[in-house]
Amino acid sequence: LGRQRDRPTSGDRCEAEIAVVVSAGDGPQVTVPNTLAARSGQVAVVAAGIRHRFGYGIGWQRRLLRRPFLAQHEWRAHPYAQATAWLDLAGVPLDWPEPHLDVSEADRADAAAQVGVAGTVALGIAASDDWKNWGADNFAALASSLLDAGWPSVLLVGGPAEQAMADAVAARLGPRAALVRPVLGLHLRTLAAVLAEQSFYVGNDTAALNIAAAVGLPSYGLFCATPVLRHSARIVPIVPPDGPSPVDGVKRLTLPLVLAAIVADRGDLAPRPGG
């Protein structure tokens, strides 16, 4: 029940349609998250003869799915709030309320072989849309501030599509461009291992932000245009004055605001023993 469009995308953008299929005593059952938005995807589940179909039940989905359904006032809630509410309705316990990813020794070794950088700051420059991307100028200014504070290098995290942006960030740093290390297009397991070895993470609202937090990294999320994530205590949200906006949130989230938020949480910008 998956479909992957064959075109280049940002490092954390998934164009797949996904359903979770679970084996049951009287035949398979499928849990259809609301991200499977296209009618064709859900109709395919019916056409496949899967009788036990569960999901949020937003709007027309109720014709195809079984209860429990989200209440109508939850239809426009944050995706994490929707998922939590549905799991509660379905009686599915959340054994680990704080998201967590284990990193194997094999993945750590692979990360060391491919990247070989630890104990520095990772900047997440990817974004699925321009209106929520803090931009090359801002990330270059942040990298410069971190280098001024004593960090020996800075990682730029993203997918292959971020190569041009990584080049733009490096170009703005002039003679210090070599101190910025692009880490682009890694397998997600390798990326998780790379992030687990760094001191902290700063980046757009993307999958990499969530991965960084899940491997235990203090993670500063730049919520220029999207609702703040509250599901992880390790994500420190940084928002523009008067809140996020897809119209002008990027412009209103200035470098001094970001630096002040990091210092307020960490105490300073400088490297310290043990991160």
# chains A, B, ... in the order shown; residues from 1 in each chain; ligands from 1
call {"tool": "residues_around", "arguments": {"residues": "Leu257 (chain A)", "least_positions_apart": "4", "cutoff": "12 Å", "atoms": "only C-alpha atoms", "output": "PyMOL selection string"}}
result
chain A and resi 138+142+222+224+237-241+250-253+261-264
call {"tool": "residues_around", "arguments": {"residues": "Thr84 (chain A)", "least_positions_apart": "4", "cutoff": "12 Å", "atoms": "only C-alpha atoms", "output": "PyMOL selection string"}}
result
chain A and resi 33+56+70+74+77-80+88-94+97+230-231
call {"tool": "residues_around", "arguments": {"residues": "Glu162 (chain A)", "least_positions_apart": "4", "cutoff": "9 Å", "atoms": "only C-alpha atoms", "output": "list in words"}}
result
Ser10, Gly11, Ile125, Ala126, Ala127, Val157, Gly158, Ala166, Asp167, Leu184 and Gly185 of chain A
call {"tool": "select_by_dssp", "arguments": {"residues": "region 65-269 of chain A", "states": "helix (DSSP H, G or I)", "output": "PyMOL selection string"}}
result
chain A and resi 72-74+79-90+105-114+130-132+136-148+160-172+174-179+188-196+207-214+249-252+255-266
call {"tool": "residues_around", "arguments": {"residues": "Val202 (chain A)", "least_positions_apart": "4", "cutoff": "6 Å", "atoms": "only C-alpha atoms", "output": "ChimeraX atom specification"}}
result
/A:123,219-220
call {"tool": "write_last_selection", "arguments": {"atoms": "C-alpha atoms", "output": "compact mmCIF listing (two decimals), in the first residue's frame"}}
result
# COMPACT_ATOMS: atom_id res chain seq x y z
CA LEU A 123 22.12 22.94 11.79
CA SER A 219 17.07 20.48 19.85
CA TYR A 220 16.12 24.07 19.09
call {"tool": "closest_residue", "arguments": {"among": "A:Ala168, A:Ala143, A:Val183, A:Ile58", "to": "Gln82 (chain A)", "atoms": "only C-alpha atoms"}}
result
A:Ile58
call {"tool": "atom_distance", "arguments": {"atom1": "CA of Pro271 (chain A)", "atom2": "CA of Leu147 (chain A)"}}
result
10.0 Å
call {"tool": "residues_around", "arguments": {"residues": "Asp137 (chain A)", "least_positions_apart": "6", "cutoff": "10 Å", "atoms": "only C-alpha atoms", "output": "PyMOL selection string"}}
result
chain A and resi 143+165+168-169+172-173+255
call {"tool": "write_last_selection", "arguments": {"atoms": "N, CA, C and O atoms", "output": "compact mmCIF listing (two decimals), in the first residue's frame"}}
result
# COMPACT_ATOMS: atom_id res chain seq x y z
N ALA A 143 25.80 30.15 11.94
CA ALA A 143 27.06 29.40 11.90
C ALA A 143 28.24 30.30 12.28
O ALA A 143 29.13 29.89 13.04
N MET A 165 21.76 25.06 -1.11
CA MET A 165 21.66 25.89 0.10
C MET A 165 22.90 25.75 0.96
O MET A 165 23.41 26.75 1.51
N ALA A 168 25.48 27.86 -0.52
CA ALA A 168 25.20 29.27 -0.27
C ALA A 168 25.60 29.66 1.15
O ALA A 168 26.17 30.75 1.37
N VAL A 169 25.33 28.79 2.13
CA VAL A 169 25.74 29.08 3.51
C VAL A 169 27.26 29.18 3.59
O VAL A 169 27.81 30.12 4.17
N ARG A 172 28.79 32.38 2.13
CA ARG A 172 28.62 33.58 2.96
C ARG A 172 29.61 33.64 4.11
O ARG A 172 29.75 34.69 4.74
N LEU A 173 30.29 32.53 4.39
CA LEU A 173 31.27 32.51 5.48
C LEU A 173 32.68 32.84 5.02
O LEU A 173 33.60 32.90 5.84
N LEU A 255 18.08 36.58 13.98
CA LEU A 255 19.22 35.91 14.61
C LEU A 255 19.34 36.26 16.09
O LEU A 255 19.55 35.36 16.91
call {"tool": "residues_around", "arguments": {"residues": "Ala171 (chain A)", "least_positions_apart": "4", "cutoff": "12 Å", "atoms": "only C-alpha atoms", "output": "list in words"}}
result
Ala136, Asp137, Phe139, Ala140, Ala141, Ala143, Ser144, Ala164, Met165, Ala166, Asp167, Pro175, Arg176, Ala177, Ala178, Leu179 and Val180 of chain A
call {"tool": "residues_around", "arguments": {"residues": "Val121 (chain A)", "least_positions_apart": "2", "cutoff": "9 Å", "atoms": "only C-alpha atoms", "output": "PDB file with all heavy atoms, in the first residue's frame"}}
result
ATOM      1  N   ALA A 118      32.185  14.739  15.634  1.00  0.00           N
ATOM      2  CA  ALA A 118      31.383  14.604  16.847  1.00  0.00           C
ATOM      3  C   ALA A 118      31.600  15.818  17.735  1.00  0.00           C
ATOM      4  O   ALA A 118      32.578  16.556  17.591  1.00  0.00           O
ATOM      5  CB  ALA A 118      31.753  13.318  17.594  1.00  0.00           C
ATOM      6  N   GLY A 119      30.650  16.039  18.651  1.00  0.00           N
ATOM      7  CA  GLY A 119      30.813  17.091  19.648  1.00  0.00           C
ATOM      8  C   GLY A 119      30.689  18.501  19.127  1.00  0.00           C
ATOM      9  O   GLY A 119      31.214  19.441  19.734  1.00  0.00           O
ATOM     10  N   LEU A 123      23.138  22.002  12.249  1.00  0.00           N
ATOM     11  CA  LEU A 123      22.118  22.943  11.785  1.00  0.00           C
ATOM     12  C   LEU A 123      21.267  22.251  10.734  1.00  0.00           C
ATOM     13  O   LEU A 123      21.772  21.809   9.692  1.00  0.00           O
ATOM     14  CB  LEU A 123      22.763  24.197  11.196  1.00  0.00           C
ATOM     15  CG  LEU A 123      23.722  24.981  12.097  1.00  0.00           C
ATOM     16  CD1 LEU A 123      24.195  26.255  11.381  1.00  0.00           C
ATOM     17  CD2 LEU A 123      23.067  25.322  13.419  1.00  0.00           C
ATOM     18  N   ALA A 143      25.804  30.147  11.939  1.00  0.00           N
ATOM     19  CA  ALA A 143      27.065  29.398  11.901  1.00  0.00           C
ATOM     20  C   ALA A 143      28.237  30.297  12.277  1.00  0.00           C
ATOM     21  O   ALA A 143      29.131  29.892  13.035  1.00  0.00           O
ATOM     22  CB  ALA A 143      27.271  28.802  10.509  1.00  0.00           C
ATOM     23  N   LEU A 146      28.300  30.815  16.008  1.00  0.00           N
ATOM     24  CA  LEU A 146      28.776  29.623  16.706  1.00  0.00           C
ATOM     25  C   LEU A 146      30.285  29.478  16.590  1.00  0.00           C
ATOM     26  O   LEU A 146      30.968  29.131  17.563  1.00  0.00           O
ATOM     27  CB  LEU A 146      28.078  28.385  16.145  1.00  0.00           C
ATOM     28  CG  LEU A 146      26.577  28.286  16.436  1.00  0.00           C
ATOM     29  CD1 LEU A 146      25.926  27.210  15.573  1.00  0.00           C
ATOM     30  CD2 LEU A 146      26.329  27.991  17.921  1.00  0.00           C
ATOM     31  N   TRP A 151      33.193  27.120  18.631  1.00  0.00           N
ATOM     32  CA  TRP A 151      32.978  25.801  18.062  1.00  0.00           C
ATOM     33  C   TRP A 151      33.944  25.597  16.899  1.00  0.00           C
ATOM     34  O   TRP A 151      34.104  26.477  16.057  1.00  0.00           O
ATOM     35  CB  TRP A 151      31.533  25.657  17.580  1.00  0.00           C
ATOM     36  CG  TRP A 151      30.552  25.685  18.703  1.00  0.00           C
ATOM     37  CD1 TRP A 151      29.869  26.756  19.171  1.00  0.00           C
ATOM     38  CD2 TRP A 151      30.185  24.578  19.536  1.00  0.00           C
ATOM     39  NE1 TRP A 151      29.088  26.398  20.244  1.00  0.00           N
ATOM     40  CE2 TRP A 151      29.261  25.061  20.496  1.00  0.00           C
ATOM     41  CE3 TRP A 151      30.533  23.228  19.569  1.00  0.00           C
ATOM     42  CZ2 TRP A 151      28.700  24.251  21.466  1.00  0.00           C
ATOM     43  CZ3 TRP A 151      29.972  22.415  20.533  1.00  0.00           C
ATOM     44  CH2 TRP A 151      29.060  22.919  21.470  1.00  0.00           C
ATOM     45  N   SER A 153      33.765  23.578  14.343  1.00  0.00           N
ATOM     46  CA  SER A 153      33.092  23.364  13.065  1.00  0.00           C
ATOM     47  C   SER A 153      31.594  23.296  13.306  1.00  0.00           C
ATOM     48  O   SER A 153      31.135  23.226  14.452  1.00  0.00           O
ATOM     49  CB  SER A 153      33.575  22.070  12.390  1.00  0.00           C
ATOM     50  OG  SER A 153      33.244  20.938  13.190  1.00  0.00           O
ATOM     51  N   VAL A 154      30.837  23.312  12.212  1.00  0.00           N
ATOM     52  CA  VAL A 154      29.377  23.234  12.265  1.00  0.00           C
ATOM     53  C   VAL A 154      28.919  22.288  11.160  1.00  0.00           C
ATOM     54  O   VAL A 154      29.453  22.333  10.044  1.00  0.00           O
ATOM     55  CB  VAL A 154      28.738  24.627  12.078  1.00  0.00           C
ATOM     56  CG1 VAL A 154      27.226  24.517  12.007  1.00  0.00           C
ATOM     57  CG2 VAL A 154      29.143  25.569  13.200  1.00  0.00           C
ATOM     58  N   LEU A 155      27.953  21.430  11.466  1.00  0.00           N
ATOM     59  CA  LEU A 155      27.389  20.540  10.462  1.00  0.00           C
ATOM     60  C   LEU A 155      26.131  21.155   9.854  1.00  0.00           C
ATOM     61  O   LEU A 155      25.331  21.773  10.553  1.00  0.00           O
ATOM     62  CB  LEU A 155      27.015  19.185  11.084  1.00  0.00           C
ATOM     63  CG  LEU A 155      28.125  18.371  11.735  1.00  0.00           C
ATOM     64  CD1 LEU A 155      27.572  17.038  12.217  1.00  0.00           C
ATOM     65  CD2 LEU A 155      29.281  18.152  10.780  1.00  0.00           C
ATOM     66  N   LEU A 156      25.947  20.960   8.549  1.00  0.00           N
ATOM     67  CA  LEU A 156      24.726  21.355   7.852  1.00  0.00           C
ATOM     68  C   LEU A 156      23.996  20.084   7.444  1.00  0.00           C
ATOM     69  O   LEU A 156      24.499  19.299   6.628  1.00  0.00           O
ATOM     70  CB  LEU A 156      25.048  22.201   6.617  1.00  0.00           C
ATOM     71  CG  LEU A 156      25.818  23.503   6.850  1.00  0.00           C
ATOM     72  CD1 LEU A 156      26.055  24.221   5.521  1.00  0.00           C
ATOM     73  CD2 LEU A 156      25.085  24.410   7.823  1.00  0.00           C
ATOM     74  N   LEU A 195      23.760  12.521  14.546  1.00  0.00           N
ATOM     75  CA  LEU A 195      23.181  13.506  15.457  1.00  0.00           C
ATOM     76  C   LEU A 195      23.411  13.128  16.912  1.00  0.00           C
ATOM     77  O   LEU A 195      23.642  13.999  17.763  1.00  0.00           O
ATOM     78  CB  LEU A 195      21.686  13.655  15.177  1.00  0.00           C
ATOM     79  CG  LEU A 195      21.322  14.280  13.822  1.00  0.00           C
ATOM     80  CD1 LEU A 195      19.811  14.267  13.611  1.00  0.00           C
ATOM     81  CD2 LEU A 195      21.862  15.694  13.706  1.00  0.00           C
ATOM     82  N   GLN A 198      26.503  14.677  18.500  1.00  0.00           N
ATOM     83  CA  GLN A 198      26.729  16.129  18.518  1.00  0.00           C
ATOM     84  C   GLN A 198      26.302  16.742  19.851  1.00  0.00           C
ATOM     85  O   GLN A 198      25.741  16.059  20.712  1.00  0.00           O
ATOM     86  CB  GLN A 198      25.989  16.780  17.347  1.00  0.00           C
ATOM     87  CG  GLN A 198      26.286  16.146  15.999  1.00  0.00           C
ATOM     88  CD  GLN A 198      27.760  15.886  15.729  1.00  0.00           C
ATOM     89  OE1 GLN A 198      28.620  16.720  16.020  1.00  0.00           O
ATOM     90  NE2 GLN A 198      28.083  14.714  15.188  1.00  0.00           N
ATOM     91  N   SER A 199      26.553  18.024  20.010  1.00  0.00           N
ATOM     92  CA  SER A 199      26.256  18.704  21.275  1.00  0.00           C
ATOM     93  C   SER A 199      24.837  19.258  21.319  1.00  0.00           C
ATOM     94  O   SER A 199      24.159  19.148  22.332  1.00  0.00           O
ATOM     95  CB  SER A 199      27.264  19.838  21.507  1.00  0.00           C
ATOM     96  OG  SER A 199      28.561  19.309  21.680  1.00  0.00           O
ATOM     97  N   PHE A 200      24.391  19.887  20.239  1.00  0.00           N
ATOM     98  CA  PHE A 200      22.997  20.289  20.133  1.00  0.00           C
ATOM     99  C   PHE A 200      22.642  20.532  18.676  1.00  0.00           C
ATOM    100  O   PHE A 200      23.513  20.515  17.795  1.00  0.00           O
ATOM    101  CB  PHE A 200      22.634  21.475  21.032  1.00  0.00           C
ATOM    102  CG  PHE A 200      23.322  22.780  20.736  1.00  0.00           C
ATOM    103  CD1 PHE A 200      22.778  23.701  19.850  1.00  0.00           C
ATOM    104  CD2 PHE A 200      24.504  23.129  21.395  1.00  0.00           C
ATOM    105  CE1 PHE A 200      23.393  24.924  19.608  1.00  0.00           C
ATOM    106  CE2 PHE A 200      25.125  24.349  21.160  1.00  0.00           C
ATOM    107  CZ  PHE A 200      24.571  25.250  20.263  1.00  0.00           C
ATOM    108  N   TYR A 201      21.359  20.746  18.442  1.00  0.00           N
ATOM    109  CA  TYR A 201      20.821  20.866  17.089  1.00  0.00           C
ATOM    110  C   TYR A 201      19.975  22.127  17.014  1.00  0.00           C
ATOM    111  O   TYR A 201      19.236  22.453  17.942  1.00  0.00           O
ATOM    112  CB  TYR A 201      19.960  19.636  16.784  1.00  0.00           C
ATOM    113  CG  TYR A 201      19.285  19.620  15.436  1.00  0.00           C
ATOM    114  CD1 TYR A 201      19.862  18.945  14.366  1.00  0.00           C
ATOM    115  CD2 TYR A 201      18.056  20.240  15.229  1.00  0.00           C
ATOM    116  CE1 TYR A 201      19.229  18.899  13.124  1.00  0.00           C
ATOM    117  CE2 TYR A 201      17.424  20.207  13.998  1.00  0.00           C
ATOM    118  CZ  TYR A 201      18.021  19.535  12.943  1.00  0.00           C
ATOM    119  OH  TYR A 201      17.406  19.499  11.730  1.00  0.00           O
ATOM    120  N   VAL A 202      20.065  22.827  15.883  1.00  0.00           N
ATOM    121  CA  VAL A 202      19.206  23.978  15.614  1.00  0.00           C
ATOM    122  C   VAL A 202      18.704  23.831  14.182  1.00  0.00           C
ATOM    123  O   VAL A 202      19.505  23.665  13.263  1.00  0.00           O
ATOM    124  CB  VAL A 202      19.950  25.323  15.735  1.00  0.00           C
ATOM    125  CG1 VAL A 202      18.964  26.492  15.620  1.00  0.00           C
ATOM    126  CG2 VAL A 202      20.747  25.410  17.022  1.00  0.00           C
TER     127      VAL A 202
END
call {"tool": "closest_residue", "arguments": {"among": "A:Ala44, A:Pro152, A:Ala83, A:Glu197", "to": "Arg108 (chain A)", "atoms": "only C-alpha atoms"}}
result
A:Glu197
call {"tool": "atom_distance", "arguments": {"atom1": "CA of Arg53 (chain A)", "atom2": "CA of Ala85 (chain A)"}}
result
17.5 Å
